[in-house]
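Chemist: This one is target.pdb, PDB, C-alpha atoms.
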```
ATOM      1  CA  ALA R   1       5.194  -1.118  17.285
ATOM      2  CA  LEU R   2       8.045   1.418  17.328
ATOM      3  CA  ASN R   3       8.278   1.232  21.126
ATOM      4  CA  THR R   4       9.340  -2.426  21.255
ATOM      5  CA  GLU R   5      12.676  -4.104  21.836
ATOM      6  CA  GLU R   6      12.533  -5.574  18.345
ATOM      7  CA  ALA R   7      11.975  -2.190  16.690
ATOM      8  CA  ALA R   8      14.573  -0.411  18.803
ATOM      9  CA  LYS R   9      17.191  -3.058  18.021
ATOM     10  CA  ALA R  10      16.437  -2.916  14.298
ATOM     11  CA  LEU R  11      16.427   0.894  13.982
ATOM     12  CA  ALA R  12      19.032   2.065  16.508
ATOM     13  CA  GLY R  13      21.935   3.772  14.751
ATOM     14  CA  LYS R  14      20.392   3.212  11.297
ATOM     15  CA  GLN R  15      19.161   5.434   8.492
ATOM     16  CA  VAL R  16      15.349   5.080   8.578
ATOM     17  CA  PHE R  17      13.361   5.613   5.380
ATOM     18  CA  MET R  18       9.551   5.769   5.501
ATOM     19  CA  TYR R  19       6.803   5.859   2.911
ATOM     20  CA  CYS R  20       3.009   5.764   2.973
ATOM     21  CA  THR R  21       0.127   6.636   0.657
ATOM     22  CA  GLY R  22       0.197  10.427   0.968
ATOM     23  CA  GLY R  23       2.914  11.201   3.512
ATOM     24  CA  VAL R  24       0.663  12.022   6.488
ATOM     25  CA  ARG R  25       1.293   8.820   8.455
ATOM     26  CA  CYS R  26       5.025   9.125   7.873
ATOM     27  CA  GLU R  27       4.971  12.641   9.325
ATOM     28  CA  ARG R  28       3.437  11.310  12.533
ATOM     29  CA  ALA R  29       5.450   8.094  12.668
ATOM     30  CA  GLY R  30       8.671  10.022  12.079
ATOM     31  CA  SER R  31       7.900  12.451  14.899
ATOM     32  CA  TYR R  32       6.927   9.572  17.178
ATOM     33  CA  LEU R  33      10.116   7.646  16.417
ATOM     34  CA  ARG R  34      12.225  10.738  17.007
ATOM     35  CA  ALA R  35      10.548  11.350  20.382
ATOM     36  CA  LEU R  36      10.972   7.709  21.390
ATOM     37  CA  SER R  37      14.650   7.583  20.491
ATOM     38  CA  GLU R  38      15.367  10.839  22.321
ATOM     39  CA  SER R  39      13.447   9.808  25.466
ATOM     40  CA  ASN R  40      16.029   7.200  26.526
ATOM     41  CA  SER R  41      13.270   5.195  28.164
ATOM     42  CA  GLY R  42      11.292   2.023  27.624
ATOM     43  CA  ALA R  43      12.557  -0.084  24.742
ATOM     44  CA  TRP R  44      14.855   2.787  23.690
ATOM     45  CA  LYS R  45      16.704   3.064  26.990
ATOM     46  CA  ASP R  46      20.486   3.184  26.326
ATOM     47  CA  LYS R  47      19.842   2.723  22.584
ATOM     48  CA  GLU R  48      21.569   4.813  19.916
ATOM     49  CA  ARG R  49      19.293   7.231  18.087
ATOM     50  CA  PRO R  50      18.639   6.639  14.371
ATOM     51  CA  LYS R  51      21.257   8.434  12.278
ATOM     52  CA  GLY R  52      18.490   9.953  10.180
ATOM     53  CA  ILE R  53      14.729   9.694   9.665
ATOM     54  CA  TYR R  54      13.481  10.336   6.125
ATOM     55  CA  GLN R  55      10.195  10.031   4.250
ATOM     56  CA  LEU R  56       9.101   9.897   0.619
ATOM     57  CA  HIS R  57       7.962  13.447  -0.174
ATOM     58  CA  GLY R  58       4.229  13.436  -0.915
ATOM     59  CA  GLY R  59       4.033   9.690  -0.362
ATOM     60  CA  ILE R  60       3.395   6.975  -2.929
ATOM     61  CA  GLN R  61       0.705   9.076  -4.603
ATOM     62  CA  LYS R  62       3.129  11.888  -5.479
ATOM     63  CA  TYR R  63       5.770   9.391  -6.576
ATOM     64  CA  LEU R  64       3.356   7.667  -8.953
ATOM     65  CA  GLU R  65       2.197  10.984 -10.382
ATOM     66  CA  SER R  66       5.802  11.557 -11.410
ATOM     67  CA  TYR R  67       6.931   8.060 -12.373
ATOM     68  CA  GLY R  68       4.036   5.565 -12.382
ATOM     69  CA  ARG R  69       2.853   5.858 -15.971
ATOM     70  CA  GLU R  70       3.139   3.763 -19.106
ATOM     71  CA  GLU R  71       6.331   4.350 -21.112
ATOM     72  CA  GLU R  72       4.739   6.347 -23.945
ATOM     73  CA  GLU R  73       2.449   8.282 -21.619
ATOM     74  CA  MET R  74       5.378   8.974 -19.310
ATOM     75  CA  ALA R  75       7.440  10.462 -22.136
ATOM     76  CA  ASN R  76       4.614  12.850 -23.049
ATOM     77  CA  TYR R  77       4.011  13.692 -19.382
ATOM     78  CA  VAL R  78       7.692  14.504 -18.823
ATOM     79  CA  LYS R  79       7.793  16.731 -21.892
ATOM     80  CA  GLU R  80       4.618  18.597 -20.869
ATOM     81  CA  LYS R  81       5.823  19.209 -17.315
ATOM     82  CA  ASN R  82       9.249  20.407 -18.379
ATOM     83  CA  ASP R  83       7.748  22.642 -21.076
ATOM     84  CA  GLU R  84       5.470  24.163 -18.439
ATOM     85  CA  LYS R  85       8.441  24.977 -16.203
ATOM     86  CA  ASP R  86      10.416  26.385 -19.115
ATOM     87  CA  CYS R  87       7.480  28.628 -20.018
ATOM     88  CA  ILE R  88       6.934  29.839 -16.448
ATOM     89  CA  LEU R  89      10.643  30.553 -15.950
ATOM     90  CA  GLY R  90      11.032  32.248 -19.312
ATOM     91  CA  ASN R  91      13.524  29.768 -20.724
ATOM     92  CA  ASP R  92      12.613  30.867 -24.234
ATOM     93  CA  ASN R  93      14.918  33.814 -23.575
ATOM     94  CA  ALA R  94      18.301  32.670 -24.864
ATOM     95  CA  GLU R  95      20.300  34.856 -22.432
ATOM     96  CA  ASP R  96      18.551  33.386 -19.369
ATOM     97  CA  SER R  97      18.182  29.831 -20.653
ATOM     98  CA  ALA R  98      21.454  28.378 -19.364
ATOM     99  CA  GLU R  99      21.124  29.994 -15.936
ATOM    100  CA  ASN R 100      17.503  28.905 -15.466
ATOM    101  CA  ASN R 101      18.209  25.381 -16.674
ATOM    102  CA  THR R 102      21.001  25.057 -14.113
ATOM    103  CA  ALA R 103      18.845  26.446 -11.314
ATOM    104  CA  THR R 104      15.897  24.128 -12.022
ATOM    105  CA  ASN R 105      17.685  21.029 -13.262
ATOM    106  CA  ASN R 106      17.012  19.083 -10.063
ATOM    107  CA  ASP R 107      13.327  20.065 -10.109
ATOM    108  CA  ARG R 108      12.564  18.848 -13.630
ATOM    109  CA  GLN R 109      10.543  15.724 -14.327
ATOM    110  CA  THR R 110      12.646  12.824 -15.569
ATOM    111  CA  ASP R 111      12.001   9.560 -17.343
ATOM    112  CA  LYS R 112      13.526   7.407 -14.590
ATOM    113  CA  PRO R 113      11.888   3.960 -14.291
ATOM    114  CA  CYS R 114       9.140   3.530 -11.724
ATOM    115  CA  LEU R 115      10.217   1.276  -8.856
ATOM    116  CA  TYR R 116       6.721   0.846  -7.418
ATOM    117  CA  ARG R 117       4.940  -2.477  -7.903
ATOM    118  CA  GLY R 118       1.301  -3.298  -7.285
ATOM    119  CA  LYS R 119      -1.794  -1.147  -6.870
ATOM    120  CA  ASN R 120      -1.882   2.073  -4.873
ATOM    121  CA  PHE R 121      -4.474   1.517  -2.113
ATOM    122  CA  VAL R 122      -6.379   4.671  -1.143
ATOM    123  CA  PHE R 123      -8.573   5.301   1.894
ATOM    124  CA  ASP R 124     -11.756   6.269   0.083
ATOM    125  CA  PRO R 125     -14.536   4.464  -1.853
ATOM    126  CA  ARG R 126     -12.301   4.087  -4.938
ATOM    127  CA  ARG R 127     -10.231   1.439  -3.083
ATOM    128  CA  THR R 128      -7.245   1.942  -5.437
ATOM    129  CA  ASP R 129      -6.187   4.866  -7.599
ATOM    130  CA  PRO R 130      -7.978   4.233 -10.919
ATOM    131  CA  LEU R 131      -5.523   6.170 -13.085
ATOM    132  CA  ILE R 132      -2.018   5.412 -11.862
ATOM    133  CA  GLY R 133      -0.341   2.720  -9.813
ATOM    134  CA  ASN R 134      -2.458  -0.142 -11.134
ATOM    135  CA  GLY R 135       0.506  -2.187 -12.269
ATOM    136  CA  ILE R 136       3.182  -1.858 -14.923
ATOM    137  CA  THR R 137       2.339  -3.766 -18.102
ATOM    138  CA  ASN R 138       4.184  -5.125 -21.071
ATOM    139  CA  GLY R 139       3.274  -6.727 -24.388
ATOM    140  CA  ASN R 140       1.817  -5.421 -27.634
ATOM    141  CA  THR R 141      -1.845  -4.440 -27.534
ATOM    142  CA  ALA R 142      -2.393  -5.461 -31.150
ATOM    143  CA  THR R 143      -0.945  -8.959 -30.698
ATOM    144  CA  SER R 144      -0.605 -10.395 -27.236
ATOM    145  CA  GLY R 145      -2.405  -7.698 -25.277
ATOM    146  CA  ARG R 146      -1.183  -5.767 -22.236
ATOM    147  CA  VAL R 147      -0.061  -8.111 -19.463
ATOM    148  CA  ARG R 148       0.412  -6.955 -15.885
ATOM    149  CA  ILE R 149       3.827  -7.866 -14.511
ATOM    150  CA  SER R 150       3.617  -6.190 -11.114
ATOM    151  CA  LEU R 151       0.832  -8.085  -9.342
ATOM    152  CA  VAL R 152       2.183  -8.506  -5.815
ATOM    153  CA  GLY R 153      -0.876  -9.557  -3.792
ATOM    154  CA  GLN R 154      -1.973 -13.120  -3.149
ATOM    155  CA  CYS R 155      -5.009 -15.011  -1.909
ATOM    156  CA  ILE R 156      -4.850 -15.532   1.852
ATOM    157  CA  VAL R 157      -6.265 -19.059   1.484
ATOM    158  CA  CYS R 158      -4.400 -20.637  -1.462
ATOM    159  CA  SER R 159      -1.603 -18.079  -2.094
ATOM    160  CA  LYS R 160      -2.631 -17.659  -5.745
ATOM    161  CA  PRO R 161      -1.646 -14.222  -7.175
ATOM    162  CA  HIS R 162      -4.586 -11.898  -6.540
ATOM    163  CA  ASP R 163      -5.042  -8.202  -5.732
ATOM    164  CA  ASP R 164      -8.754  -7.421  -5.916
ATOM    165  CA  TYR R 165     -10.518  -6.986  -2.565
ATOM    166  CA  ASP R 166     -13.868  -6.730  -4.360
ATOM    167  CA  ASN R 167     -13.574  -9.790  -6.651
ATOM    168  CA  GLY R 168     -14.643  -7.922  -9.764
ATOM    169  CA  HIS R 169     -17.361  -5.843  -8.133
ATOM    170  CA  ALA R 170     -17.275  -2.069  -7.823
ATOM    171  CA  PRO R 171     -16.322  -0.887  -4.295
ATOM    172  CA  CYS R 172     -19.660   0.926  -4.038
ATOM    173  CA  GLU R 173     -21.446  -2.454  -4.184
ATOM    174  CA  GLU R 174     -19.921  -3.275  -0.776
ATOM    175  CA  LYS R 175     -19.121  -6.877  -1.653
ATOM    176  CA  GLU R 176     -15.506  -6.736  -0.532
ATOM    177  CA  ALA R 177     -13.927  -9.580   1.457
ATOM    178  CA  ARG R 178     -13.460  -8.769   5.143
ATOM    179  CA  CYS R 179     -12.245 -10.688   8.185
ATOM    180  CA  PHE R 180     -15.202 -12.254  10.001
ATOM    181  CA  ARG R 181     -13.954 -10.917  13.352
ATOM    182  CA  CYS R 182     -12.109  -7.592  12.938
ATOM    183  CA  ARG R 183     -13.576  -6.651   9.518
ATOM    184  CA  VAL R 184     -10.207  -5.760   7.984
ATOM    185  CA  LEU R 185     -10.036  -6.127   4.187
ATOM    186  CA  VAL R 186      -8.704  -9.505   3.034
ATOM    187  CA  LEU R 187      -7.507 -10.682  -0.385
ATOM    188  CA  VAL R 188      -9.331 -13.852  -1.467
ATOM    189  CA  CYS R 189      -9.274 -15.171  -5.036
ATOM    190  CA  ASP R 190     -12.566 -15.841  -6.841
ATOM    191  CA  GLY R 191     -12.278 -19.613  -6.418
ATOM    192  CA  CYS R 192     -11.702 -19.522  -2.662
ATOM    193  CA  ARG R 193     -14.259 -16.758  -2.170
ATOM    194  CA  GLU R 194     -16.987 -19.240  -3.094
ATOM    195  CA  LYS R 195     -15.903 -21.542  -0.261
ATOM    196  CA  VAL R 196     -15.705 -19.062   2.614
ATOM    197  CA  ARG R 197     -18.032 -16.729   4.454
ATOM    198  CA  CYS R 198     -16.816 -13.155   4.943
ATOM    199  CA  TRP R 199     -18.052 -10.602   7.433
ATOM    200  CA  GLY R 200     -21.516  -9.322   6.529
ATOM    201  CA  GLU R 201     -22.454 -12.336   4.428
ATOM    202  CA  PRO R 202     -25.470 -14.461   5.484
ATOM    203  CA  ASP R 203     -25.051 -18.114   6.386
ATOM    204  CA  THR R 204     -26.887 -19.899   3.556
ATOM    205  CA  SER R 205     -24.982 -23.193   3.667
ATOM    206  CA  VAL R 206     -26.362 -26.652   4.387
ATOM    207  CA  VAL R 207     -24.701 -29.312   6.526
ATOM    208  CA  ASP R 208     -24.196 -32.586   4.611
ATOM    209  CA  ASN R 209     -23.979 -35.491   7.094
ATOM    210  CA  GLY R 210     -20.945 -33.981   8.813
ATOM    211  CA  LYS R 211     -18.494 -34.971   6.044
ATOM    212  CA  ASN R 212     -15.323 -32.906   5.715
ATOM    213  CA  ASP R 213     -14.413 -31.442   2.325
ATOM    214  CA  GLU R 214     -10.934 -30.655   1.014
ATOM    215  CA  GLN R 215     -10.926 -27.213   2.671
ATOM    216  CA  GLY R 216     -11.515 -28.751   6.088
ATOM    217  CA  ASP R 217     -15.129 -27.545   6.225
ATOM    218  CA  VAL R 218     -18.170 -29.547   7.293
ATOM    219  CA  GLY R 219     -20.318 -30.669   4.370
ATOM    220  CA  ASN R 220     -21.459 -27.691   2.324
ATOM    221  CA  CYS R 221     -20.969 -25.217   5.161
ATOM    222  CA  LYS R 222     -18.810 -22.232   4.287
ATOM    223  CA  ARG R 223     -16.237 -21.648   6.950
ATOM    224  CA  GLU R 224     -15.733 -18.160   8.342
ATOM    225  CA  LEU R 225     -12.821 -16.249   6.819
ATOM    226  CA  PHE R 226     -10.289 -14.482   9.026
ATOM    227  CA  CYS R 227      -7.263 -12.281   8.330
ATOM    228  CA  GLY R 228      -4.539 -14.546   9.747
ATOM    229  CA  HIS R 229      -2.565 -17.449   8.288
ATOM    230  CA  GLY R 230      -4.623 -19.393   5.762
ATOM    231  CA  GLY R 231      -7.632 -17.263   6.640
ATOM    232  CA  ARG R 232      -8.314 -19.440   9.688
ATOM    233  CA  GLU R 233      -7.607 -17.062  12.567
ATOM    234  CA  CYS R 234      -7.775 -13.335  13.242
ATOM    235  CA  ILE R 235      -4.398 -11.724  13.846
ATOM    236  CA  ASP R 236      -6.136  -9.187  16.090
ATOM    237  CA  GLU R 237      -7.508 -11.858  18.430
ATOM    238  CA  GLY R 238      -6.964 -10.849  22.049
ATOM    239  CA  ASN R 239      -6.139  -7.245  21.199
ATOM    240  CA  VAL R 240      -8.431  -5.354  23.581
ATOM    241  CA  ALA R 241      -8.324  -1.840  24.997
ATOM    242  CA  SER R 242      -7.438  -3.037  28.512
ATOM    243  CA  LYS R 243      -4.120  -4.404  27.216
ATOM    244  CA  VAL R 244      -3.012  -1.223  25.435
ATOM    245  CA  GLU R 245      -0.007   0.544  26.970
ATOM    246  CA  THR R 246       0.407   4.313  26.749
ATOM    247  CA  ALA R 247       3.477   6.459  27.220
ATOM    248  CA  ARG R 248       4.050  10.180  27.819
ATOM    249  CA  PHE R 249       6.877  12.256  26.348
TER     250      PHE R 249
END
```
What's the structure tokens form of this structure?

Modeler:
Amino acid sequence: ALNTEEAAKALAGKQVFMYCTGGVRCERAGSYLRALSESNSGAWKDKERPKGIYQLHGGIQKYLESYGREEEEMANYVKEKNDEKDCILGNDNAEDSAENNTATNNDRQTDKPCLYRGKNFVFDPRRTDPLIGNGITNGNTATSGRVRISLVGQCIVCSKPHDDYDNGHAPCEEKEARCFRCRVLVLVCDGCREKVRCWGEPDTSVVDNGKNDEQGDVGNCKRELFCGHGGRECIDEGNVASKVETARF
């Protein structure tokens, strides 16, 4: 996608900031973008190079380890980390304290607010990080309970706020919602999940005299779910190996 007219026009002469789960993809994408912009060919012919290409150090995972905790937990975490650094650097020595504090001031953990919203998706059987990055909450546990205020996902069918690929099941149960064609994970709320058929699910529906229901399906038949708009088409349709273009640098 970086070697397109659209991307070149959007990024030429700009400061480019990248982030990903752990930083690995940004390393590769950054190198690829740099090579493209310096090649002066293809979509980047006669285009100005980006003024700078940056990435979030350690990715989202590292960022959340530093900032993605509850307020009280974060305060304790900050204190523990800074105490550890003070101990290692010998800041209990009064003569060296000021000098060491100045030297390490930029490396100390802070209580800055976390800017990340949503869950941190990980590429392993956990699906999302179970300890951090599962949404900032507010409210009093003893009265109103903790309420998530950073749910950013939505059902692909009805657009209702939703961010659970597994609909309450554990990832190891392998009951996640996937596109019927390309098998990519899809967010579908519990209500809509009952009306669609995802990849890997058997067809157990019954046709009822060919009548259309409110979802546009025939009788009691569950329609196949895809990853495109409204869950009705696969965005990867037509993407085959014979149409892939390669470039050398």

Chemist: Any chance you could resolve the PyMOL selection byres ((chain R and resi 49-63) around 10) against this file and give the residues as a ChimeraX atom specification?

Modeler: /R:8,10-27,29-31,33-40,44,46-48,64-68,114-116,120-122,129,132-133

Chemist: Can you measure CA of Ala170 (chain R) to CA of Cys227 (chain R) for me? One decimal in Å is fine.

Modeler: 21.6 Å

Chemist: Centre and edge lengths, as AutoDock Vina command-line options, for the axis-aligned box enclosing every listed atom of region 113-132 of chain R with 5 Å of padding on each of the six sides, in Å to one decimal?

Modeler:
```
--center_x -1.3 --center_y 1.5 --center_z -6.2 --size_x 36.4 --size_y 19.6 --size_z 26.2
```

Chemist: What's the separation between CA of Cys179 (chain R) and CA of Asp166 (chain R), in Å to one decimal place?

Modeler: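 Computing it gives 13.3 Å between the two atoms.
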
Chemist: May I ask for the distance between CA of Phe180 (chain R) and CA of Leu225 (chain R), given in Å to one decimal place?

Modeler: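 Answer for the CA of Phe180 (chain R) to CA of Leu225 (chain R) separation: 5.6 Å.
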